[in-house]
file run23.cif (mmCIF, C-alpha atoms)
data_structure
loop_
_atom_site.label_atom_id
_atom_site.label_comp_id
_atom_site.auth_asym_id
_atom_site.auth_seq_id
_atom_site.Cartn_x
_atom_site.Cartn_y
_atom_site.Cartn_z
CA MET A 1 0.00 0.00 0.00
CA LYS A 2 1.35 3.39 -0.94
CA GLN A 3 1.86 5.83 1.87
CA LYS A 4 1.81 9.61 1.56
CA LEU A 5 5.11 10.86 2.96
CA ILE A 6 4.44 13.48 5.63
CA THR A 7 6.60 12.60 8.63
CA LEU A 8 8.79 9.52 9.00
CA LEU A 9 9.77 8.31 12.46
CA PHE A 10 11.77 5.14 12.63
CA VAL A 11 12.82 2.91 15.51
CA PHE A 12 13.70 -0.31 13.73
CA THR A 13 16.16 -3.13 13.63
CA VAL A 14 17.08 -5.24 10.67
CA VAL A 15 17.97 -8.89 10.43
CA ASN A 16 19.13 -10.06 6.99
CA VAL A 17 19.98 -13.62 6.07
CA PHE A 18 21.44 -14.14 2.62
CA GLY A 19 22.63 -17.28 0.91
CA GLN A 20 26.17 -17.04 -0.39
CA VAL A 21 27.99 -18.88 -3.14
CA PRO A 22 31.53 -20.09 -2.33
CA THR A 23 34.39 -19.06 -4.58
CA THR A 24 37.06 -21.13 -6.26
CA SER A 25 40.23 -19.73 -7.75
CA SER A 26 40.90 -19.61 -11.47
CA PRO A 27 43.94 -18.27 -13.30
CA ALA A 28 43.85 -14.66 -14.43
CA GLU A 29 44.82 -13.95 -18.03
CA VAL A 30 46.73 -10.69 -18.32
CA ASN A 31 47.24 -8.98 -21.65
CA ASP A 32 50.54 -7.32 -20.71
CA PRO A 33 52.81 -9.01 -18.13
CA THR A 34 54.44 -5.67 -17.28
CA LYS A 35 51.01 -4.35 -16.33
CA ALA A 36 49.82 -7.45 -14.54
CA ALA A 37 47.87 -7.11 -11.33
CA ALA A 38 49.85 -7.93 -8.21
CA ALA A 39 50.07 -11.56 -7.17
CA THR A 40 47.76 -10.81 -4.26
CA ASP A 41 45.07 -9.57 -6.68
CA VAL A 42 43.65 -13.04 -7.23
CA PHE A 43 40.72 -13.34 -9.64
CA SER A 44 38.35 -16.16 -8.73
CA THR A 45 35.07 -17.45 -10.12
CA LYS A 46 32.39 -19.79 -8.82
CA PHE A 47 30.59 -21.11 -11.90
CA VAL A 48 27.09 -22.52 -11.37
CA SER A 49 25.59 -22.53 -14.88
CA ALA A 50 26.12 -20.78 -18.20
CA VAL A 51 24.34 -17.46 -18.62
CA LYS A 52 21.27 -17.66 -20.83
CA LYS A 53 18.65 -15.17 -21.94
CA VAL A 54 15.87 -14.84 -19.36
CA PRO A 55 12.33 -13.38 -19.73
CA LEU A 56 11.75 -10.11 -17.89
CA ASP A 57 9.81 -9.79 -14.65
CA THR A 58 8.19 -6.52 -15.67
CA ALA A 59 6.17 -6.23 -12.46
CA SER A 60 9.34 -5.67 -10.44
CA ILE A 61 11.97 -3.02 -9.90
CA LEU A 62 15.58 -3.72 -8.95
CA MET A 63 16.83 -1.76 -5.95
CA TYR A 64 20.41 -1.42 -4.74
CA ASP A 65 20.00 -0.13 -1.21
CA TYR A 66 22.58 2.19 0.29
CA ASP A 67 23.51 -0.44 2.91
CA GLY A 68 24.88 -2.66 0.13
CA THR A 69 21.85 -4.95 -0.19
CA PHE A 70 20.55 -5.67 -3.69
CA PHE A 71 17.02 -6.99 -4.20
CA SER A 72 14.06 -7.30 -6.54
CA TYR A 73 10.83 -5.68 -5.37
CA ASP A 74 7.42 -6.60 -6.78
CA LEU A 75 5.47 -3.35 -7.18
CA GLU A 76 2.13 -5.16 -7.42
CA SER A 77 2.38 -7.41 -4.37
CA GLU A 78 4.69 -4.98 -2.55
CA THR A 79 7.04 -7.77 -1.51
CA ILE A 80 10.75 -8.50 -1.89
CA GLY A 81 11.20 -11.30 -4.41
CA TRP A 82 14.87 -12.14 -3.90
CA THR A 83 18.00 -10.67 -2.38
CA VAL A 84 21.74 -10.78 -3.07
CA LYS A 85 24.42 -9.43 -0.76
CA ALA A 86 28.22 -9.44 -0.64
CA ALA A 87 29.93 -12.20 1.31
CA ASP A 88 31.94 -9.69 3.32
CA SER A 89 32.09 -5.91 3.43
CA PHE A 90 33.82 -3.74 6.00
CA THR A 91 31.20 -0.98 5.67
CA PRO A 92 27.51 -0.84 4.65
CA MET A 93 27.72 0.76 1.22
CA CYS A 94 26.17 0.47 -2.24
CA ALA A 95 28.42 2.85 -4.24
CA ASN A 96 27.74 1.06 -7.56
CA GLY A 97 25.03 0.50 -10.14
CA VAL A 98 23.85 -2.60 -11.99
CA THR A 99 23.37 -3.62 -15.61
CA LEU A 100 20.43 -5.64 -16.94
CA HIS A 101 21.31 -7.51 -20.14
CA ASP A 102 19.12 -10.19 -21.77
CA GLY A 103 17.29 -10.70 -18.50
CA VAL A 104 20.49 -11.24 -16.49
CA VAL A 105 21.45 -8.73 -13.79
CA TYR A 106 25.14 -8.01 -13.29
CA VAL A 107 25.74 -6.70 -9.77
CA PRO A 108 29.11 -5.38 -8.50
CA PHE A 109 29.78 -5.06 -4.78
CA ILE A 110 32.34 -2.84 -3.09
CA ASN A 111 34.40 -5.83 -1.89
CA GLY A 112 35.19 -6.84 -5.50
CA GLU A 113 32.46 -9.44 -5.99
CA ILE A 114 30.40 -9.44 -9.19
CA PHE A 115 27.23 -11.54 -9.50
CA ALA A 116 25.33 -12.63 -12.61
CA VAL A 117 21.76 -13.41 -11.52
CA ASP A 118 18.40 -14.28 -13.06
CA ASN A 119 16.13 -11.19 -12.89
CA GLN A 120 13.08 -13.35 -12.16
CA ASP A 121 14.16 -15.36 -9.14
CA GLY A 122 17.68 -14.27 -8.25
CA THR A 123 19.27 -17.58 -9.25
CA VAL A 124 23.05 -17.12 -9.46
CA PHE A 125 24.67 -18.10 -12.76
CA TRP A 126 28.16 -17.25 -11.54
CA LYS A 127 29.98 -15.11 -9.03
CA SER A 128 33.45 -13.68 -9.64
CA ARG A 129 35.68 -11.88 -7.20
CA ILE A 130 38.50 -9.45 -7.89
CA GLY A 131 41.17 -9.66 -5.21
CA THR A 132 40.81 -10.76 -1.61
CA ILE A 133 40.66 -7.36 0.07
CA THR A 134 38.26 -7.11 3.02
CA ASP A 135 39.21 -3.76 4.54
CA GLN A 136 39.01 -1.44 1.52
CA VAL A 137 36.60 -0.50 -1.25
CA VAL A 138 37.55 -2.32 -4.46
CA LEU A 139 34.64 -1.33 -6.74
CA LYS A 140 33.20 2.17 -6.50
CA ASP A 141 30.96 4.24 -8.82
CA GLN A 142 30.94 1.36 -11.30
CA ILE A 143 28.10 0.35 -13.59
CA PRO A 144 29.13 -2.81 -15.49
CA THR A 145 29.63 -2.17 -19.20
CA ILE A 146 28.39 -5.14 -21.27
CA SER A 147 29.54 -5.46 -24.87
CA ASN A 148 30.39 -8.32 -27.26
CA GLY A 149 30.04 -10.99 -24.61
CA LYS A 150 32.21 -9.27 -22.01
CA LEU A 151 31.73 -7.22 -18.87
CA TYR A 152 34.15 -4.32 -18.37
CA ILE A 153 34.81 -2.74 -14.99
CA THR A 154 37.61 -0.87 -13.18
CA THR A 155 38.88 -1.29 -9.64
CA GLN A 156 40.70 0.93 -7.17
CA ASN A 157 43.17 0.96 -4.29
CA GLU A 158 45.52 -2.05 -4.34
CA ASN A 159 43.84 -3.59 -7.40
CA SER A 160 43.63 -0.47 -9.60
CA SER A 161 43.02 -2.24 -12.91
CA ILE A 162 40.53 -2.65 -15.73
CA TYR A 163 39.01 -6.12 -16.02
CA ALA A 164 37.24 -7.79 -18.94
CA ILE A 165 35.10 -10.71 -17.77
CA ASN A 166 33.35 -13.25 -20.01
CA ILE A 167 29.66 -12.90 -19.22
CA LYS A 168 28.82 -16.50 -20.16
CA ASP A 169 30.78 -18.06 -17.31
CA GLY A 170 32.39 -15.26 -15.28
CA SER A 171 35.94 -16.15 -16.32
CA LEU A 172 38.59 -13.49 -16.82
CA ALA A 173 39.29 -12.52 -20.43
CA TRP A 174 42.00 -9.92 -19.73
CA SER A 175 43.10 -7.28 -17.28
CA TYR A 176 45.41 -4.27 -17.32
CA ARG A 177 47.00 -2.41 -14.45
CA LEU A 178 46.00 1.28 -14.33
CA ASP A 179 48.06 4.19 -13.02
CA ALA A 180 45.82 5.85 -10.46
CA LEU A 181 44.55 4.35 -7.22
CA ASN A 182 41.10 5.89 -7.62
CA ASN A 183 39.10 4.82 -10.69
CA HIS A 184 35.59 6.16 -10.20
CA THR A 185 33.90 6.17 -13.61
CA PRO A 186 32.26 3.41 -15.68
CA VAL A 187 34.02 2.09 -18.76
CA LEU A 188 32.86 3.26 -22.21
CA SER A 189 32.49 0.66 -25.00
CA PHE A 190 32.48 1.92 -28.60
CA ASP A 191 33.70 0.77 -32.01
CA ASN A 192 35.11 -2.55 -30.69
CA LYS A 193 37.18 -0.59 -28.20
CA VAL A 194 36.86 0.29 -24.53
CA PHE A 195 37.84 3.62 -23.01
CA VAL A 196 38.70 4.41 -19.42
CA GLN A 197 40.26 7.25 -17.45
CA SER A 198 42.74 6.78 -14.63
CA GLY A 199 44.24 9.83 -12.98
CA SER A 200 45.72 12.05 -15.69
CA ASN A 201 45.75 9.20 -18.23
CA PHE A 202 43.08 8.21 -20.72
CA TYR A 203 43.25 4.72 -22.24
CA CYS A 204 41.83 3.11 -25.36
CA PHE A 205 41.94 -0.71 -25.49
CA GLU A 206 40.96 -3.28 -28.08
CA ALA A 207 37.81 -4.72 -26.54
CA ASN A 208 38.51 -8.38 -27.25
CA SER A 209 42.24 -8.61 -26.59
CA GLY A 210 42.92 -5.78 -24.15
CA LYS A 211 45.74 -4.49 -26.35
CA VAL A 212 46.42 -0.80 -25.76
CA VAL A 213 45.39 1.24 -28.83
CA TYR A 214 46.60 4.46 -27.24
CA GLN A 215 47.31 6.13 -23.93
CA LYS A 216 46.80 9.88 -23.67
CA ASN A 217 48.33 11.86 -20.81
CA PHE A 218 46.73 15.13 -19.72
CA GLU A 219 48.17 17.94 -17.60
CA SER A 220 45.58 17.32 -14.88
CA ALA A 221 43.39 14.39 -13.89
CA VAL A 222 40.48 13.52 -16.18
CA THR A 223 37.69 12.65 -13.78
CA GLY A 224 34.60 12.76 -15.99
CA LYS A 225 32.84 9.71 -17.38
CA PRO A 226 33.77 9.13 -21.05
CA VAL A 227 30.82 9.34 -23.47
CA THR A 228 30.42 9.19 -27.25
CA ASP A 229 28.20 10.74 -29.90
CA GLY A 230 28.79 7.77 -32.18
CA GLU A 231 31.84 9.36 -33.79
CA ASN A 232 34.16 10.78 -31.15
CA ILE A 233 34.81 10.50 -27.41
CA PHE A 234 34.22 13.23 -24.81
CA ILE A 235 35.60 13.57 -21.31
CA THR A 236 36.09 16.36 -18.75
CA ASN A 237 39.07 16.98 -16.51
CA GLU A 238 39.05 17.78 -12.81
CA LYS A 239 39.10 21.49 -13.60
CA ASN A 240 36.87 23.15 -16.20
CA VAL A 241 37.69 21.65 -19.60
CA LEU A 242 35.67 19.34 -21.84
CA PHE A 243 37.81 17.45 -24.39
CA ALA A 244 36.79 15.86 -27.69
CA LEU A 245 39.05 12.92 -28.60
CA SER A 246 39.50 10.67 -31.59
CA PRO A 247 38.43 7.06 -30.90
CA SER A 248 41.45 5.60 -32.74
CA LYS A 249 44.40 7.89 -31.90
CA PRO A 250 45.37 10.25 -29.04
CA ASP A 251 44.31 13.44 -30.80
CA VAL A 252 42.41 16.21 -29.02
CA LEU A 253 39.94 17.47 -31.64
CA TRP A 254 38.76 20.46 -29.61
CA GLU A 255 38.56 21.82 -26.07
CA PHE A 256 35.67 23.64 -24.45
CA LYS A 257 36.43 25.67 -21.33
CA PHE A 258 33.45 26.33 -19.11
CA ASP A 259 33.22 28.66 -16.10
CA GLU A 260 36.58 28.64 -14.32
CA THR A 261 34.85 28.51 -10.92
CA GLN A 262 33.18 25.22 -11.86
CA ASN A 263 34.41 21.64 -12.16
CA ASN A 264 33.53 18.12 -11.10
CA SER A 265 31.18 16.89 -13.85
CA LYS A 266 31.98 13.23 -13.09
CA GLU A 267 29.00 11.11 -14.27
CA ARG A 268 26.79 14.11 -15.01
CA ILE A 269 27.39 13.91 -18.76
CA PHE A 270 25.72 12.32 -21.80
CA CYS A 271 25.45 12.69 -25.58
CA LYS A 272 22.35 12.96 -27.72
CA ASP A 273 21.83 14.04 -31.34
CA LYS A 274 25.43 15.21 -31.82
CA LYS A 275 25.40 17.32 -28.68
CA VAL A 276 27.18 16.91 -25.34
CA TYR A 277 25.25 17.75 -22.17
CA PHE A 278 26.92 17.95 -18.78
CA GLY A 279 26.46 19.40 -15.33
CA ALA A 280 29.30 21.22 -13.55
CA GLN A 281 29.43 22.13 -9.87
CA GLY A 282 30.71 25.36 -8.35
CA PRO A 283 30.92 27.12 -4.97
CA GLU A 284 28.22 29.63 -5.86
CA VAL A 285 26.64 28.57 -9.16
CA SER A 286 26.17 25.11 -10.69
CA SER A 287 25.28 24.82 -14.39
CA VAL A 288 24.04 22.47 -17.08
CA TYR A 289 25.76 23.01 -20.44
CA ALA A 290 24.86 21.99 -24.00
CA VAL A 291 27.81 21.86 -26.43
CA ASP A 292 27.89 21.03 -30.14
CA SER A 293 29.84 17.76 -30.43
CA LYS A 294 31.29 18.67 -33.83
CA THR A 295 32.68 22.11 -33.04
CA GLY A 296 32.79 22.45 -29.25
CA THR A 297 30.54 25.51 -29.42
CA GLN A 298 28.31 26.26 -26.45
CA LEU A 299 24.64 26.08 -27.41
CA TRP A 300 23.09 27.04 -24.09
CA LYS A 301 23.70 27.09 -20.33
CA ARG A 302 21.27 26.83 -17.41
CA ASP A 303 22.49 28.14 -14.03
CA PHE A 304 21.43 27.02 -10.56
CA ALA A 305 22.54 29.70 -8.08
CA GLY A 306 23.24 28.82 -4.46
CA ASP A 307 22.93 25.08 -5.12
CA ASN A 308 24.82 22.20 -6.75
CA ILE A 309 23.59 19.80 -9.40
CA GLU A 310 23.92 16.24 -8.12
CA TYR A 311 22.46 14.28 -11.03
CA ILE A 312 21.25 14.66 -14.61
CA THR A 313 19.81 12.25 -17.16
CA GLU A 314 17.80 12.32 -20.38
CA ASP A 315 14.26 11.07 -20.91
CA THR A 316 11.83 11.72 -23.76
CA ASP A 317 14.05 14.42 -25.26
CA ASN A 318 14.36 16.46 -22.08
CA ILE A 319 16.89 16.66 -19.26
CA TRP A 320 15.92 15.64 -15.73
CA GLY A 321 17.94 16.08 -12.58
CA TYR A 322 18.07 17.13 -8.96
CA THR A 323 20.26 19.33 -6.80
CA ARG A 324 21.95 18.96 -3.45
CA LYS A 325 19.15 20.93 -1.80
CA GLY A 326 16.45 18.63 -3.14
CA LYS A 327 15.29 20.63 -6.16
CA LEU A 328 13.86 18.38 -8.87
CA PHE A 329 14.01 19.88 -12.36
CA GLU A 330 13.24 19.22 -16.02
CA LEU A 331 14.96 21.23 -18.76
CA ASP A 332 14.00 21.63 -22.40
CA ILE A 333 16.88 19.87 -24.13
CA ASN A 334 16.75 22.29 -27.07
CA ASN A 335 17.25 25.56 -25.20
CA GLY A 336 17.78 24.79 -21.51
CA GLU A 337 14.55 26.47 -20.43
CA ILE A 338 12.96 25.12 -17.24
CA ALA A 339 9.99 22.93 -18.10
CA PHE A 340 9.34 21.73 -14.55
CA GLU A 341 10.78 22.54 -11.14
CA THR A 342 9.84 21.73 -7.57
CA LYS A 343 11.36 21.48 -4.08
CA LEU A 344 11.18 17.92 -2.73
CA THR A 345 10.68 17.08 0.93
CA THR A 346 12.81 13.96 0.48
CA GLN A 347 16.40 14.10 -0.80
CA PRO A 348 17.16 11.76 -3.73
CA ILE A 349 20.33 9.68 -3.40
CA SER A 350 19.94 7.53 -6.53
CA ASN A 351 19.41 7.76 -10.24
CA ILE A 352 15.92 8.63 -11.52
CA GLU A 353 13.82 5.95 -13.23
CA PHE A 354 10.83 6.65 -15.46
CA PRO A 355 7.92 4.19 -15.29
CA GLU A 356 4.98 4.42 -17.63
CA GLY A 357 2.65 7.22 -16.65
CA ASP A 358 3.08 10.66 -15.15
CA SER A 359 5.55 9.86 -12.38
CA ILE A 360 9.20 9.12 -11.60
CA TYR A 361 11.01 6.87 -9.12
CA TYR A 362 13.99 7.71 -6.94
CA TYR A 363 15.49 6.41 -3.72
CA CYS A 364 15.93 8.48 -0.56
CA ASP A 365 17.15 7.61 2.93
CA ALA A 366 13.68 6.30 3.79
CA GLY A 367 13.25 4.04 0.75
CA LEU A 368 11.68 4.06 -2.71
CA ILE A 369 9.71 7.17 -3.64
CA GLN A 370 7.19 7.51 -6.44
CA TYR A 371 6.84 11.17 -7.30
CA GLU A 372 3.59 12.06 -9.04
CA LEU A 373 4.39 14.94 -11.37
CA GLU A 374 0.89 16.33 -11.73
CA GLY A 375 -0.09 16.26 -8.07
CA LYS A 376 3.50 16.75 -6.79
CA ASP A 377 2.98 13.95 -4.29
CA GLU A 378 5.86 11.93 -2.81
CA ASN A 379 4.56 8.40 -2.19
CA VAL A 380 6.55 5.76 -0.32
CA MET A 381 6.49 2.58 -2.42
CA TYR A 382 9.00 0.71 -0.25
CA MET A 383 10.00 1.79 3.25
CA ARG A 384 13.33 0.83 4.80
CA THR A 385 13.32 -0.59 8.30
CA SER A 386 16.10 1.73 9.45
CA ILE A 387 17.94 4.88 8.42
CA LEU A 388 21.72 4.78 8.41
CA ASP A 389 24.24 7.60 8.75
CA ASN A 390 26.87 8.48 6.15
CA ILE A 391 24.74 7.55 3.14
CA TYR A 392 26.70 7.51 -0.13
CA SER A 393 24.29 6.41 -2.86
CA ALA A 394 21.59 3.98 -3.98
CA TYR A 395 20.57 2.69 -7.42
CA LEU A 396 17.34 1.72 -9.20
CA LYS A 397 16.59 -0.25 -12.36
CA ILE A 398 13.10 -0.80 -13.75
CA ILE A 399 12.90 -4.23 -15.40
CA ARG A 400 11.88 -3.72 -19.01
#
call {"tool": "encode", "arguments": {"input": "run23.cif", "output": "structure tokens"}}
result
Amino acid sequence: MKQKLITLLFVFTVVNVFGQVPTTSSPAEVNDPTKAAAATDVFSTKFVSAVKKVPLDTASILMYDYDGTFFSYDLESETIGWTVKAADSFTPMCANGVTLHDGVVYVPFINGEIFAVDNQDGTVFWKSRIGTITDQVVLKDQIPTISNGKLYITTQNENSSIYAINIKDGSLAWSYRLDALNNHTPVLSFDNKVFVQSGSNFYCFEANSGKVVYQKNFESAVTGKPVTDGENIFITNEKNVLFALSPSKPDVLWEFKFDETQNNSKERIFCKDKKVYFGAQGPEVSSVYAVDSKTGTQLWKRDFAGDNIEYITEDTDNIWGYTRKGKLFELDINNGEIAFETKLTTQPISNIEFPEGDSIYYYCDAGLIQYELEGKDENVMYMRTSILDNIYSAYLKIIR
């Protein structure tokens, strides 16, 4: 039963019991011995059955709770269908997203585990683990990239590598040691290549073999998520520059410098119809930019004074997002004009999902919220049994 969110008072305890799949070691294939992961960075896989295409459970939504629990929730019966959780984790933390491909859900956990599970009943096809670290975050801000039968993902801290994993059985196809300790953006797959940033370096690999096509070094760290318009690659640095790069050689095609007081676009970037859209944060003003992907010319800019943009995405040819102070907004993608804006009483901490009808879904510290756009109502679709401190992020995926 939906509940209108007015005041939430919680005095709860949680008891979770999750079945775990044991791991067995398997040899790691490394494309370049000089860039091999350290001997302690063992890659292991527990194979249960080969991945196969699975019908979709369209009555459910996948929720990655901020305590690190991943589960399927039936919106009709309002019950949890199945749950998957990491075998060990030194802190309650989600910090990643998931990918749904051919009915199989690929779930990374902060301890380095990656599950391939049936979206209908949570049956595990395989579980791989990168490294054996139990006191650090191995996978952070990762959404598995699936392409040509492989899953691509980057790790951090002692592992600090890119891994290509065969999605059929969870075995390791190749890996490559990266330069920086912190690798916080998903991998881009395009034109039979994969692209990833690591510190001040930007890499292009052959997708199948892991051979380095090129490595581009920048003056400062490139911290933005790489995106493509179908021709070239775009990435922002830690300061205030958007770069356009060739997908086959380390050439910078153009640079776009935005407001020098702004930076930190990270994952707030996407391409559509030969345009690059991104959100940049600043101490006083945060902005969404639209830039022509061919020329690097600014098309429009929308400012948010006294606030910071936390998230943007595209849906039905418009831009949706929210700010740090809980402002939900919709922008006309053609000119940046505000099409919808409201102040929420709950603070989103996840991506936004768009079900059929005049509403959106997001996750807050209390649970899953359905926001009705016409009535501006915030309805609790799933309520957590406790609220934790130090919340980092959550993630949603509608099954469709």
call {"tool": "axis_aligned_box", "arguments": {"input": "run23.cif", "around": "segment 249-255 of chain A", "padding_each_side": "5 Å", "output": "AutoDock Vina command-line options"}}
result
--center_x 42.0 --center_y 14.9 --center_z -29.0 --size_x 16.8 --size_y 23.9 --size_z 15.8
call {"tool": "resolve_selection", "arguments": {"input": "run23.cif", "expression": "the PyMOL selection byres ((chain A and resi 81-89) around 6)", "output": "JSON, numbers by chain"}}
result
{"A": [69, 70, 71, 72, 73, 80, 90, 91, 111, 122]}
call {"tool": "atom_distance", "arguments": {"input": "run23.cif", "atom1": "atom CA of Asp389 of chain A", "atom2": "atom CA of Asp65 of chain A"}}
result
13.3 Å
call {"tool": "resolve_selection", "arguments": {"input": "run23.cif", "expression": "the PyMOL selection byres ((chain A and resi 387) around 8)", "output": "count of residues only"}}
result
8
call {"tool": "closest_atom_pairs", "arguments": {"input": "run23.cif", "of": "segment 211-325 of chain A", "to": "segment 339-348 of chain A", "cutoff": "12 Å", "atoms": "all atoms listed in the file", "output": "Markdown table"}}
result
| residue | atom | partner | partner_atom | distance |
| --- | --- | --- | --- | --- |
| A:Arg302 | CA | A:Ala339 | CA | 12.0 |
| A:Phe304 | CA | A:Glu341 | CA | 11.6 |
| A:Ile309 | CA | A:Pro348 | CA | 11.8 |
| A:Glu310 | CA | A:Pro348 | CA | 9.2 |
| A:Tyr311 | CA | A:Pro348 | CA | 9.4 |
| A:Ile312 | CA | A:Pro348 | CA | 12.0 |
| A:Asp317 | CA | A:Ala339 | CA | 11.8 |
| A:Asn318 | CA | A:Ala339 | CA | 8.8 |
| A:Ile319 | CA | A:Ala339 | CA | 9.4 |
| A:Trp320 | CA | A:Phe340 | CA | 9.0 |
| A:Gly321 | CA | A:Glu341 | CA | 9.8 |
| A:Tyr322 | CA | A:Pro348 | CA | 7.6 |
| A:Thr323 | CA | A:Pro348 | CA | 8.7 |
| A:Arg324 | CA | A:Gln347 | CA | 7.8 |
| A:Lys325 | CA | A:Gln347 | CA | 7.4 |
call {"tool": "residues_around", "arguments": {"input": "run23.cif", "residues": "Glu356 of chain A", "least_positions_apart": "5", "cutoff": "12 Å", "atoms": "all atoms listed in the file", "output": "MDAnalysis selection string"}}
result
chainID A and resid 58:59 315:316 361 370 372 398:400
call {"tool": "resolve_selection", "arguments": {"input": "run23.cif", "expression": "the PyMOL selection byres ((chain A and resi 112) around 10)", "output": "ChimeraX atom specification"}}
result
/A:43,86,88-89,108-111,113-114,128-134,136-140,155-156,159
call {"tool": "atom_distance", "arguments": {"input": "run23.cif", "atom1": "atom CA of Cys94 of chain A", "atom2": "atom CA of Gln262 of chain A"}}
result
27.5 Å
call {"tool": "closest_residue", "arguments": {"input": "run23.cif", "among": "A:Pro55, A:Pro226, A:Pro247, A:Gly282", "to": "Val104 of chain A", "atoms": "only C-alpha atoms"}}
result
A:Pro55
call {"tool": "atom_distance", "arguments": {"input": "run23.cif", "atom1": "atom CA of Ala221 of chain A", "atom2": "atom CA of Gly199 of chain A"}}
result
4.7 Å
call {"tool": "decode", "arguments": {"input": "run23.cif", "residues": "segment 80-94 of chain A", "atoms": "N, CA, C and O atoms", "output": "PDB file, in the first residue's frame"}}
result
ATOM      1  N   ILE A  80       9.415  -8.233  -1.363  1.00  0.00           N
ATOM      2  CA  ILE A  80      10.748  -8.503  -1.894  1.00  0.00           C
ATOM      3  C   ILE A  80      10.762  -9.905  -2.479  1.00  0.00           C
ATOM      4  O   ILE A  80      10.404 -10.877  -1.806  1.00  0.00           O
ATOM      5  N   GLY A  81      11.180  -9.999  -3.741  1.00  0.00           N
ATOM      6  CA  GLY A  81      11.196 -11.298  -4.407  1.00  0.00           C
ATOM      7  C   GLY A  81      12.442 -12.100  -4.087  1.00  0.00           C
ATOM      8  O   GLY A  81      12.371 -13.286  -3.745  1.00  0.00           O
ATOM      9  N   TRP A  82      13.600 -11.476  -4.183  1.00  0.00           N
ATOM     10  CA  TRP A  82      14.870 -12.144  -3.895  1.00  0.00           C
ATOM     11  C   TRP A  82      15.915 -11.102  -3.537  1.00  0.00           C
ATOM     12  O   TRP A  82      15.762  -9.925  -3.850  1.00  0.00           O
ATOM     13  N   THR A  83      16.968 -11.567  -2.890  1.00  0.00           N
ATOM     14  CA  THR A  83      18.000 -10.665  -2.378  1.00  0.00           C
ATOM     15  C   THR A  83      19.380 -11.249  -2.625  1.00  0.00           C
ATOM     16  O   THR A  83      19.576 -12.466  -2.553  1.00  0.00           O
ATOM     17  N   VAL A  84      20.341 -10.377  -2.925  1.00  0.00           N
ATOM     18  CA  VAL A  84      21.742 -10.775  -3.066  1.00  0.00           C
ATOM     19  C   VAL A  84      22.578  -9.791  -2.260  1.00  0.00           C
ATOM     20  O   VAL A  84      22.327  -8.588  -2.281  1.00  0.00           O
ATOM     21  N   LYS A  85      23.566 -10.293  -1.552  1.00  0.00           N
ATOM     22  CA  LYS A  85      24.425  -9.427  -0.756  1.00  0.00           C
ATOM     23  C   LYS A  85      25.852  -9.953  -0.789  1.00  0.00           C
ATOM     24  O   LYS A  85      26.076 -11.149  -0.970  1.00  0.00           O
ATOM     25  N   ALA A  86      26.813  -9.054  -0.625  1.00  0.00           N
ATOM     26  CA  ALA A  86      28.219  -9.437  -0.642  1.00  0.00           C
ATOM     27  C   ALA A  86      28.538 -10.382   0.509  1.00  0.00           C
ATOM     28  O   ALA A  86      27.922 -10.335   1.571  1.00  0.00           O
ATOM     29  N   ALA A  87      29.537 -11.238   0.272  1.00  0.00           N
ATOM     30  CA  ALA A  87      29.935 -12.196   1.305  1.00  0.00           C
ATOM     31  C   ALA A  87      30.558 -11.492   2.508  1.00  0.00           C
ATOM     32  O   ALA A  87      30.371 -11.903   3.644  1.00  0.00           O
ATOM     33  N   ASP A  88      31.314 -10.446   2.243  1.00  0.00           N
ATOM     34  CA  ASP A  88      31.938  -9.687   3.323  1.00  0.00           C
ATOM     35  C   ASP A  88      32.113  -8.246   2.857  1.00  0.00           C
ATOM     36  O   ASP A  88      32.390  -7.980   1.690  1.00  0.00           O
ATOM     37  N   SER A  89      31.941  -7.329   3.758  1.00  0.00           N
ATOM     38  CA  SER A  89      32.094  -5.910   3.434  1.00  0.00           C
ATOM     39  C   SER A  89      32.358  -5.163   4.729  1.00  0.00           C
ATOM     40  O   SER A  89      31.603  -5.307   5.691  1.00  0.00           O
ATOM     41  N   PHE A  90      33.437  -4.369   4.738  1.00  0.00           N
ATOM     42  CA  PHE A  90      33.823  -3.744   5.998  1.00  0.00           C
ATOM     43  C   PHE A  90      32.952  -2.542   6.341  1.00  0.00           C
ATOM     44  O   PHE A  90      33.030  -2.012   7.440  1.00  0.00           O
ATOM     45  N   THR A  91      32.096  -2.105   5.404  1.00  0.00           N
ATOM     46  CA  THR A  91      31.203  -0.981   5.672  1.00  0.00           C
ATOM     47  C   THR A  91      29.915  -1.164   4.883  1.00  0.00           C
ATOM     48  O   THR A  91      29.940  -1.716   3.778  1.00  0.00           O
ATOM     49  N   PRO A  92      28.764  -0.752   5.422  1.00  0.00           N
ATOM     50  CA  PRO A  92      27.511  -0.844   4.653  1.00  0.00           C
ATOM     51  C   PRO A  92      27.485   0.212   3.558  1.00  0.00           C
ATOM     52  O   PRO A  92      27.411   1.401   3.851  1.00  0.00           O
ATOM     53  N   MET A  93      27.552  -0.200   2.303  1.00  0.00           N
ATOM     54  CA  MET A  93      27.720   0.764   1.221  1.00  0.00           C
ATOM     55  C   MET A  93      27.313   0.145  -0.108  1.00  0.00           C
ATOM     56  O   MET A  93      27.695  -0.976  -0.435  1.00  0.00           O
ATOM     57  N   CYS A  94      26.532   0.880  -0.884  1.00  0.00           N
ATOM     58  CA  CYS A  94      26.170   0.466  -2.242  1.00  0.00           C
ATOM     59  C   CYS A  94      27.270   0.910  -3.196  1.00  0.00           C
ATOM     60  O   CYS A  94      28.048   0.102  -3.685  1.00  0.00           O
TER      61      CYS A  94
END
